[in-house]
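*Asks:* The structure file start06.cif (mmCIF, C-alpha atoms) is provided below.
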```cif
data_target
loop_
_atom_site.label_atom_id
_atom_site.label_comp_id
_atom_site.auth_asym_id
_atom_site.auth_seq_id
_atom_site.Cartn_x
_atom_site.Cartn_y
_atom_site.Cartn_z
CA MET A 1 20.63 52.91 11.01
CA VAL A 2 21.24 49.67 12.92
CA ALA A 3 19.61 48.86 16.27
CA TRP A 4 19.26 45.91 18.60
CA ALA A 5 15.70 44.50 18.66
CA VAL A 6 14.94 43.13 22.14
CA THR A 7 12.07 40.64 22.06
CA GLU A 8 12.50 38.37 25.09
CA GLN A 9 10.18 39.56 27.86
CA ALA A 10 12.53 39.10 30.82
CA LEU A 11 15.45 40.77 29.06
CA LEU A 12 13.29 43.64 27.84
CA LYS A 13 11.98 44.26 31.38
CA ARG A 14 15.54 44.25 32.64
CA LEU A 15 16.71 46.81 30.06
CA LEU A 16 13.65 49.03 30.52
CA THR A 17 14.59 49.47 34.18
CA ASP A 18 18.37 49.62 33.71
CA PRO A 19 19.76 53.12 34.45
CA ARG A 20 22.43 52.40 31.84
CA VAL A 21 19.74 52.61 29.14
CA SER A 22 18.67 56.11 28.05
CA LYS A 23 16.03 57.61 25.76
CA ASP A 24 17.93 60.87 25.19
CA PRO A 25 19.65 60.90 21.77
CA ARG A 26 21.28 64.27 22.42
CA ARG A 27 23.32 62.82 25.27
CA HIS A 28 23.69 59.16 24.41
CA TRP A 29 23.31 58.41 20.67
CA PRO A 30 26.45 59.06 18.62
CA ALA A 31 24.50 59.06 15.32
CA TRP A 32 22.45 62.02 16.54
CA ILE A 33 25.33 63.79 18.24
CA ASN A 34 27.44 63.51 15.07
CA GLY A 35 24.69 64.95 12.88
CA GLU A 36 24.01 61.74 10.96
CA ILE A 37 20.21 61.84 11.49
CA SER A 38 18.43 64.16 9.08
CA PRO A 39 14.86 65.51 9.21
CA GLU A 40 14.00 63.34 6.18
CA TRP A 41 14.46 60.11 8.16
CA PRO A 42 11.04 58.40 8.68
CA LEU A 43 11.64 58.04 12.43
CA TYR A 44 12.97 61.57 12.90
CA THR A 45 10.03 62.82 14.97
CA TRP A 46 10.38 59.82 17.30
CA VAL A 47 13.85 60.95 18.40
CA ALA A 48 13.86 64.71 17.73
CA VAL A 49 11.11 65.72 20.16
CA HIS A 50 11.84 67.33 23.53
CA ASN A 51 9.42 65.65 25.93
CA MET A 52 9.34 62.84 28.47
CA PHE A 53 9.40 60.27 25.66
CA THR A 54 13.02 61.23 24.90
CA ALA A 55 14.05 62.37 28.38
CA TYR A 56 16.46 60.69 30.77
CA GLY A 57 17.04 60.92 34.50
CA SER A 58 15.95 64.09 36.28
CA ASP A 59 14.62 65.66 33.06
CA HIS A 60 12.24 62.75 32.63
CA LYS A 61 11.06 62.97 36.23
CA ARG A 62 10.40 66.73 35.89
CA LEU A 63 8.38 66.33 32.69
CA ARG A 64 6.45 63.27 33.85
CA THR A 65 5.47 64.95 37.11
CA LEU A 66 3.85 67.82 35.20
CA VAL A 67 1.84 65.56 32.90
CA ALA A 68 0.88 62.98 35.54
CA LYS A 69 -1.75 65.31 37.03
CA ALA A 70 -3.87 64.74 33.90
CA PHE A 71 -3.96 61.00 34.50
CA THR A 72 -4.59 60.57 38.21
CA ALA A 73 -6.84 57.66 39.18
CA ARG A 74 -9.56 60.07 40.31
CA ARG A 75 -9.46 62.15 37.13
CA THR A 76 -9.48 59.02 34.97
CA ALA A 77 -12.43 57.49 36.84
CA ALA A 78 -14.32 60.78 36.51
CA LEU A 79 -14.18 60.42 32.71
CA ARG A 80 -16.30 57.24 32.71
CA PRO A 81 -19.71 58.97 32.38
CA ARG A 82 -18.47 61.02 29.43
CA ILE A 83 -16.96 57.93 27.77
CA GLU A 84 -20.24 56.08 28.25
CA GLU A 85 -22.11 59.01 26.71
CA MET A 86 -19.79 59.13 23.69
CA THR A 87 -20.11 55.38 23.25
CA ALA A 88 -23.91 55.47 23.33
CA GLU A 89 -24.01 58.29 20.77
CA LEU A 90 -21.71 56.40 18.41
CA LEU A 91 -23.70 53.18 18.76
CA ASP A 92 -26.91 55.05 17.98
CA GLY A 93 -25.28 56.39 14.84
CA LEU A 94 -24.05 52.94 13.81
CA ALA A 95 -27.52 51.48 14.36
CA ALA A 96 -28.83 53.74 11.60
CA THR A 97 -26.66 51.96 9.01
CA ALA A 98 -28.66 50.42 6.18
CA PRO A 99 -29.14 46.64 6.58
CA GLY A 100 -26.27 44.70 5.05
CA GLU A 101 -24.12 47.79 4.47
CA PRO A 102 -20.51 47.35 5.68
CA VAL A 103 -19.22 49.72 8.34
CA ASP A 104 -15.55 50.46 8.99
CA LEU A 105 -15.43 50.04 12.77
CA ARG A 106 -11.86 51.28 13.02
CA GLU A 107 -12.89 54.60 11.52
CA GLU A 108 -16.38 54.93 12.92
CA TYR A 109 -15.89 53.48 16.42
CA ALA A 110 -12.38 52.43 17.47
CA TYR A 111 -10.97 55.77 16.35
CA SER A 112 -13.80 58.04 17.41
CA ILE A 113 -13.84 57.34 21.15
CA PRO A 114 -10.13 57.80 21.97
CA ILE A 115 -9.70 60.94 19.85
CA GLN A 116 -12.75 62.57 21.46
CA VAL A 117 -11.52 61.70 24.95
CA ILE A 118 -7.98 62.98 24.49
CA CYS A 119 -9.11 66.13 22.68
CA GLU A 120 -11.58 66.98 25.45
CA LEU A 121 -8.92 66.31 28.08
CA PHE A 122 -6.61 68.79 26.36
CA GLY A 123 -9.32 71.27 25.38
CA LEU A 124 -9.16 70.81 21.62
CA ASP A 125 -12.65 71.57 20.33
CA ASP A 126 -11.82 72.83 16.84
CA GLU A 127 -12.74 70.11 14.32
CA PRO A 128 -10.31 71.18 11.54
CA THR A 129 -7.46 71.16 14.05
CA ARG A 130 -8.47 67.69 15.28
CA GLU A 131 -8.54 66.36 11.73
CA GLY A 132 -5.22 67.99 10.91
CA LEU A 133 -3.61 66.45 13.98
CA ARG A 134 -5.05 63.08 13.10
CA ARG A 135 -3.53 63.17 9.61
CA CYS A 136 -0.18 64.19 11.04
CA VAL A 137 -0.18 61.50 13.73
CA ASP A 138 -1.09 58.86 11.14
CA SER A 139 1.88 60.05 9.09
CA VAL A 140 4.23 59.93 12.10
CA PHE A 141 3.33 56.26 12.53
CA HIS A 142 3.80 55.67 8.77
CA THR A 143 7.32 54.32 8.98
CA SER A 144 7.65 53.83 5.21
CA ALA A 145 7.02 57.49 4.49
CA ASP A 146 9.18 59.15 1.83
CA PRO A 147 11.34 62.19 2.73
CA ASP A 148 8.83 64.70 1.35
CA GLU A 149 6.02 63.30 3.53
CA VAL A 150 8.26 63.26 6.61
CA THR A 151 9.35 66.88 6.31
CA ALA A 152 5.85 68.09 5.39
CA THR A 153 4.32 66.29 8.37
CA TYR A 154 6.92 67.72 10.75
CA ALA A 155 6.21 71.27 9.56
CA GLU A 156 2.42 70.85 9.68
CA LEU A 157 2.51 69.34 13.17
CA TYR A 158 4.30 72.32 14.62
CA ARG A 159 2.06 74.76 12.76
CA LEU A 160 -1.01 73.12 14.29
CA LEU A 161 0.46 72.77 17.77
CA GLY A 162 1.71 76.35 17.72
CA GLY A 163 -1.80 77.50 16.86
CA ILE A 164 -3.27 75.50 19.73
CA VAL A 165 -0.83 77.03 22.22
CA ALA A 166 -1.49 80.56 20.93
CA ALA A 167 -5.27 80.09 21.19
CA LYS A 168 -5.07 78.69 24.72
CA ARG A 169 -2.77 81.50 25.85
CA GLU A 170 -5.36 83.98 24.66
CA LYS A 171 -8.28 82.06 26.13
CA PRO A 172 -7.22 79.46 28.73
CA GLY A 173 -9.67 76.84 29.95
CA ASP A 174 -10.07 74.01 32.41
CA ASP A 175 -7.89 71.61 30.43
CA MET A 176 -4.40 70.14 30.42
CA THR A 177 -3.13 72.36 27.61
CA SER A 178 -3.81 75.42 29.75
CA VAL A 179 -2.15 73.76 32.75
CA LEU A 180 0.97 73.03 30.71
CA ILE A 181 1.04 76.58 29.34
CA SER A 182 0.88 77.97 32.88
CA ALA A 183 3.86 75.79 33.81
CA THR A 184 5.74 77.31 30.86
CA ASP A 185 4.81 80.93 31.42
CA GLU A 186 5.74 81.16 35.10
CA ASP A 187 8.86 83.18 35.91
CA ASN A 188 10.69 79.98 36.78
CA GLY A 189 8.83 77.93 34.21
CA SER A 190 8.97 74.16 34.61
CA LEU A 191 8.64 73.68 30.85
CA SER A 192 10.46 75.28 27.96
CA GLU A 193 8.40 76.35 24.96
CA GLN A 194 9.75 73.44 22.91
CA GLU A 195 8.98 70.97 25.71
CA LEU A 196 5.45 72.38 25.94
CA VAL A 197 4.71 71.84 22.24
CA ASP A 198 6.37 68.43 22.13
CA THR A 199 4.53 67.28 25.25
CA LEU A 200 1.25 68.16 23.56
CA LEU A 201 2.36 66.14 20.54
CA LEU A 202 3.16 63.14 22.73
CA MET A 203 -0.07 63.26 24.72
CA ILE A 204 -2.38 63.81 21.77
CA GLY A 205 -0.63 61.32 19.49
CA ALA A 206 0.09 58.51 21.92
CA GLY A 207 -3.11 59.29 23.81
CA HIS A 208 -5.34 58.00 21.07
CA GLU A 209 -3.36 55.85 18.60
CA THR A 210 -2.66 53.03 21.04
CA THR A 211 -6.28 52.86 22.21
CA VAL A 212 -7.52 52.81 18.62
CA ASN A 213 -5.39 49.73 18.01
CA LEU A 214 -6.47 48.11 21.28
CA LEU A 215 -10.15 48.41 20.32
CA ASP A 216 -9.50 47.39 16.71
CA ASN A 217 -7.49 44.30 17.72
CA ALA A 218 -9.94 43.24 20.44
CA ILE A 219 -12.92 43.45 18.09
CA THR A 220 -11.02 41.54 15.42
CA ALA A 221 -9.91 38.85 17.87
CA LEU A 222 -13.45 38.22 19.12
CA LEU A 223 -14.97 38.15 15.64
CA THR A 224 -12.34 35.70 14.43
CA HIS A 225 -12.52 33.57 17.60
CA PRO A 226 -16.25 33.12 18.23
CA GLU A 227 -15.57 30.45 20.85
CA GLN A 228 -13.72 33.10 22.90
CA LEU A 229 -16.60 35.53 22.56
CA ALA A 230 -18.94 32.77 23.72
CA LEU A 231 -16.85 32.32 26.88
CA VAL A 232 -17.36 36.00 27.70
CA ARG A 233 -21.08 35.88 26.99
CA ASP A 234 -21.44 32.75 29.13
CA GLY A 235 -19.69 34.44 32.05
CA LYS A 236 -16.68 32.10 31.88
CA ALA A 237 -14.36 35.04 31.19
CA GLY A 238 -14.64 38.78 31.71
CA TRP A 239 -14.07 41.82 29.54
CA ASP A 240 -10.89 42.55 31.50
CA ASP A 241 -9.66 39.16 30.29
CA VAL A 242 -10.39 40.20 26.72
CA ILE A 243 -8.54 43.48 27.16
CA GLU A 244 -5.44 41.97 28.77
CA GLU A 245 -5.26 39.06 26.32
CA THR A 246 -5.55 41.49 23.41
CA LEU A 247 -2.76 43.61 24.87
CA ARG A 248 -0.66 40.48 25.21
CA ALA A 249 -1.36 38.84 21.86
CA GLU A 250 -1.67 41.99 19.73
CA ALA A 251 0.25 44.81 21.37
CA PRO A 252 -1.04 48.18 20.09
CA VAL A 253 2.57 49.31 19.67
CA ALA A 254 4.54 46.46 18.12
CA SER A 255 8.02 47.97 18.28
CA LEU A 256 9.09 51.24 19.85
CA PRO A 257 12.20 53.26 18.96
CA LEU A 258 14.63 54.19 20.45
CA ARG A 259 16.76 53.67 23.52
CA TYR A 260 20.55 53.91 23.82
CA ALA A 261 23.20 52.16 25.85
CA VAL A 262 24.86 54.72 28.16
CA GLU A 263 27.79 52.36 28.63
CA ASP A 264 28.71 48.83 27.59
CA ILE A 265 26.08 46.37 28.87
CA GLU A 266 26.94 42.69 28.98
CA LEU A 267 24.06 40.29 28.39
CA ASP A 268 23.81 36.52 28.69
CA GLY A 269 25.60 34.45 26.09
CA GLY A 270 28.45 36.90 25.71
CA VAL A 271 26.37 39.51 23.87
CA VAL A 272 27.43 43.07 24.63
CA LEU A 273 25.45 46.21 23.92
CA ARG A 274 28.15 48.73 23.21
CA LYS A 275 28.02 52.28 24.50
CA GLY A 276 25.86 54.32 22.12
CA ASP A 277 24.13 51.33 20.53
CA ALA A 278 20.47 51.94 19.64
CA ILE A 279 17.76 49.63 21.00
CA VAL A 280 14.21 48.92 19.78
CA ALA A 281 11.73 47.56 22.33
CA GLY A 282 9.85 44.64 20.76
CA TYR A 283 6.61 44.82 22.76
CA ALA A 284 4.53 42.62 20.45
CA ALA A 285 7.14 39.88 20.42
CA ALA A 286 7.55 40.07 24.20
CA GLY A 287 3.82 39.48 24.61
CA ARG A 288 4.16 36.25 22.66
CA ASP A 289 7.36 35.08 24.33
CA PRO A 290 7.09 31.25 24.54
CA GLY A 291 9.41 31.37 27.53
CA VAL A 292 6.57 33.09 29.42
CA HIS A 293 3.44 31.86 27.67
CA GLY A 294 4.42 28.41 26.38
CA ASP A 295 4.20 26.82 22.97
CA ASP A 296 0.73 28.29 22.34
CA ALA A 297 1.85 31.87 22.95
CA ASP A 298 0.48 32.86 19.53
CA ARG A 299 -3.03 31.68 20.40
CA PHE A 300 -5.68 34.16 21.57
CA ASP A 301 -7.12 32.68 24.78
CA VAL A 302 -9.13 34.84 27.19
CA ARG A 303 -8.83 32.18 29.88
CA ARG A 304 -5.04 32.04 29.71
CA ALA A 305 -3.80 31.93 33.29
CA THR A 306 -0.88 34.29 32.69
CA LYS A 307 -1.42 37.29 30.44
CA ASP A 308 1.79 39.15 31.29
CA HIS A 309 2.72 41.75 28.67
CA LEU A 310 4.68 44.97 28.28
CA SER A 311 2.25 46.72 25.97
CA PHE A 312 2.25 49.87 28.11
CA GLY A 313 5.98 49.73 28.71
CA HIS A 314 7.73 49.11 31.99
CA GLY A 315 9.68 51.07 34.58
CA VAL A 316 9.86 54.87 34.69
CA HIS A 317 8.51 55.18 31.14
CA PHE A 318 5.37 53.11 31.85
CA CYS A 319 2.49 54.72 29.95
CA LEU A 320 0.66 57.31 32.08
CA GLY A 321 -2.47 56.79 30.01
CA ALA A 322 -2.72 53.02 30.56
CA PRO A 323 -5.65 53.26 33.04
CA LEU A 324 -7.51 55.55 30.63
CA ALA A 325 -6.96 53.18 27.69
CA ARG A 326 -8.22 50.26 29.75
CA LEU A 327 -11.24 52.28 30.87
CA GLU A 328 -12.16 53.23 27.31
CA ALA A 329 -11.92 49.59 26.23
CA ALA A 330 -13.89 48.41 29.27
CA VAL A 331 -16.76 50.71 28.26
CA ALA A 332 -16.58 50.46 24.46
CA LEU A 333 -16.19 46.70 23.94
CA PRO A 334 -19.09 45.27 25.98
CA ALA A 335 -21.39 48.05 24.76
CA LEU A 336 -20.59 47.27 21.11
CA PHE A 337 -21.12 43.52 21.39
CA ALA A 338 -24.29 43.97 23.44
CA ARG A 339 -25.78 46.34 20.86
CA PHE A 340 -24.81 44.20 17.86
CA PRO A 341 -24.68 40.57 19.07
CA GLU A 342 -24.83 39.15 15.51
CA MET A 343 -22.05 41.39 14.17
CA SER A 344 -19.56 39.74 11.80
CA LEU A 345 -16.62 40.68 9.62
CA ALA A 346 -17.60 41.88 6.16
CA VAL A 347 -14.48 40.34 4.59
CA ASP A 348 -12.40 37.23 5.06
CA PRO A 349 -9.88 37.78 7.90
CA SER A 350 -7.05 37.29 5.40
CA GLU A 351 -8.21 40.46 3.62
CA LEU A 352 -7.65 42.70 6.64
CA GLU A 353 -4.61 44.85 5.91
CA GLN A 354 -2.20 46.02 8.58
CA VAL A 355 -1.33 49.69 8.85
CA ASP A 356 1.91 50.54 7.07
CA SER A 357 4.05 50.74 10.19
CA PHE A 358 6.44 48.63 12.21
CA ILE A 359 5.48 50.71 15.25
CA SER A 360 1.67 50.78 15.18
CA ASN A 361 -0.13 47.42 15.21
CA GLY A 362 -3.64 47.69 13.79
CA HIS A 363 -5.66 47.49 10.61
CA ARG A 364 -6.18 50.03 7.87
CA ARG A 365 -9.88 49.23 7.90
CA LEU A 366 -12.14 46.97 9.96
CA PRO A 367 -15.25 46.37 7.82
CA VAL A 368 -18.13 44.62 9.57
CA ILE A 369 -21.80 43.85 9.03
CA LEU A 370 -23.59 45.00 12.17
CA ARG A 371 -26.95 43.18 11.88
CA PRO A 372 -28.68 45.36 14.51
#
```
Spit out the file's structure as structure tokens when you get a sec.

*Replies:*
Amino acid sequence: MVAWAVTEQALLKRLLTDPRVSKDPRRHWPAWINGEISPEWPLYTWVAVHNMFTAYGSDHKRLRTLVAKAFTARRTAALRPRIEEMTAELLDGLAATAPGEPVDLREEYAYSIPIQVICELFGLDDEPTREGLRRCVDSVFHTSADPDEVTATYAELYRLLGGIVAAKREKPGDDMTSVLISATDEDNGSLSEQELVDTLLLMIGAGHETTVNLLDNAITALLTHPEQLALVRDGKAGWDDVIEETLRAEAPVASLPLRYAVEDIELDGGVVLRKGDAIVAGYAAAGRDPGVHGDDADRFDVRRATKDHLSFGHGVHFCLGAPLARLEAAVALPALFARFPEMSLAVDPSELEQVDSFISNGHRRLPVILRP
């Protein structure tokens, strides 16, 4: 499959708001319409789902309106005490680590906070189900997966999500899963059953993976740039600066598939996106666009005057969970560095391995020595 990779920030912003660019493969991608995309394709789940991620026009507005009630400013702000509580509990646990023993902060900290938050928001309190969903989401982001892994993950995802829906129908609660089910079960339901399940997949998957990478990349950046951490500690930069510069320099989602040209779109320089052409949004590259950030666009600098990025998207598909991700980072990062001010990487930075994905931008492990 061939797609255009758009990496220039201004052009990407333009295309993300252009009504001639769709996310619906069933209406606007000839490869899908002609049956050329099989369930064994590693990116199959990214285009096959029926939710606002792949919706266009009025369908997208309908689906987004239903989910937006989970991410209002008031509801997000109300989560702060619980996030602070989770963070304190995790830090207490980390403090019990034997002196000199490495700790994988991606696993034990960066992952733990976002998955707890999103699972509580959607009423998922069964630990085996949480772990099963985690394995499946990791596999969905594994863009080098072989056909057997892809098909097995797809089947397991829908088994788990179907079980969640059945349990919440039997015993609804004060959570977003129950709200979505009620929107499905009304006589004139706003959601189809498939849209319900796929919306859960989108919210649970995207609701934690991006924040895991944000925390992972911010911690890594500060530990490998001690002069930047010193600026924060000296009050010459704030934690919001750290968060936005991390989002710019190390976008949690590096490249996001797929969008489709609804009609021919002429770009500068005589380039034409033909009707039906697939498009990949290069968010990581756009954050380091030298046309926006200058010749030092690759440098992590918390005092950079302009930190413009597209890490949460742009236009009608802008991430609903962006305020929640920022809130989690604003609580988790200062608390971690205050509790363990002498923390350092346990390996040379060159030994940190990236996750096996061209979509997700983070590390497989983040081993540190805490020195409490």

*Asks:* Would you list the contacts of Gly100 in chain A as a ChimeraX atom specification, taking every protein, DNA or RNA residue within 10 Å and counting only C-alpha atoms, but skipping same-chain residues closer than 5 positions in sequence?

*Replies:* /A:346,368-372

*Asks:* Quick one: which residues end up in the PyMOL selection byres ((chain A and resi 47) around 8) for this structure, as number ranges by chain?

*Replies:* A: 24-25, 43-46, 48-49, 54, 257-258

*Asks:* What would the file look like if the residues just selected were written as a tab-separated table (two decimals), keeping the file's coordinate frame with C-alpha atoms?

*Replies:*
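What follows is the written file part_15.tsv:
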```
chain	number	residue	atom	x	y	z
A	24	ASP	CA	17.93	60.87	25.19
A	25	PRO	CA	19.65	60.90	21.77
A	43	LEU	CA	11.64	58.04	12.43
A	44	TYR	CA	12.97	61.57	12.90
A	45	THR	CA	10.03	62.82	14.97
A	46	TRP	CA	10.38	59.82	17.30
A	48	ALA	CA	13.86	64.71	17.73
A	49	VAL	CA	11.11	65.72	20.16
A	54	THR	CA	13.02	61.23	24.90
A	257	PRO	CA	12.20	53.26	18.96
A	258	LEU	CA	14.63	54.19	20.45
```

*Asks:* Would you mind telling me which residue in A:Gly282, A:Leu222, A:Val355, A:Ala297 lies nearest to Glu342 in chain A when using all atoms listed in the file?

*Replies:*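 When distances to Glu342 in chain A are compared using all atoms listed in the file, the smallest one comes from A:Leu222.
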
*Asks:* Apply the PyMOL selection byres ((chain A and resi 130) around 12) to the file shown and report the selected residues as a PyMOL selection string.

*Replies:* chain A and resi 112+115-120+122-129+131-137+157+160-161+163-164+204-205+208

*Asks:* Please measure the separation of CA of Trp32 in chain A and CA of Gly57 in chain A, giving the value in Å to one decimal.

*Replies:*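 Going from CA of Trp32 in chain A over to CA of Gly57 in chain A covers 18.8 Å.
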
*Asks:* Between A:Ser344, A:Thr7, A:Ser178, A:Gln194, which is the closest to Ala285 in chain A once you count all atoms listed in the file?

*Replies:* A:Thr7
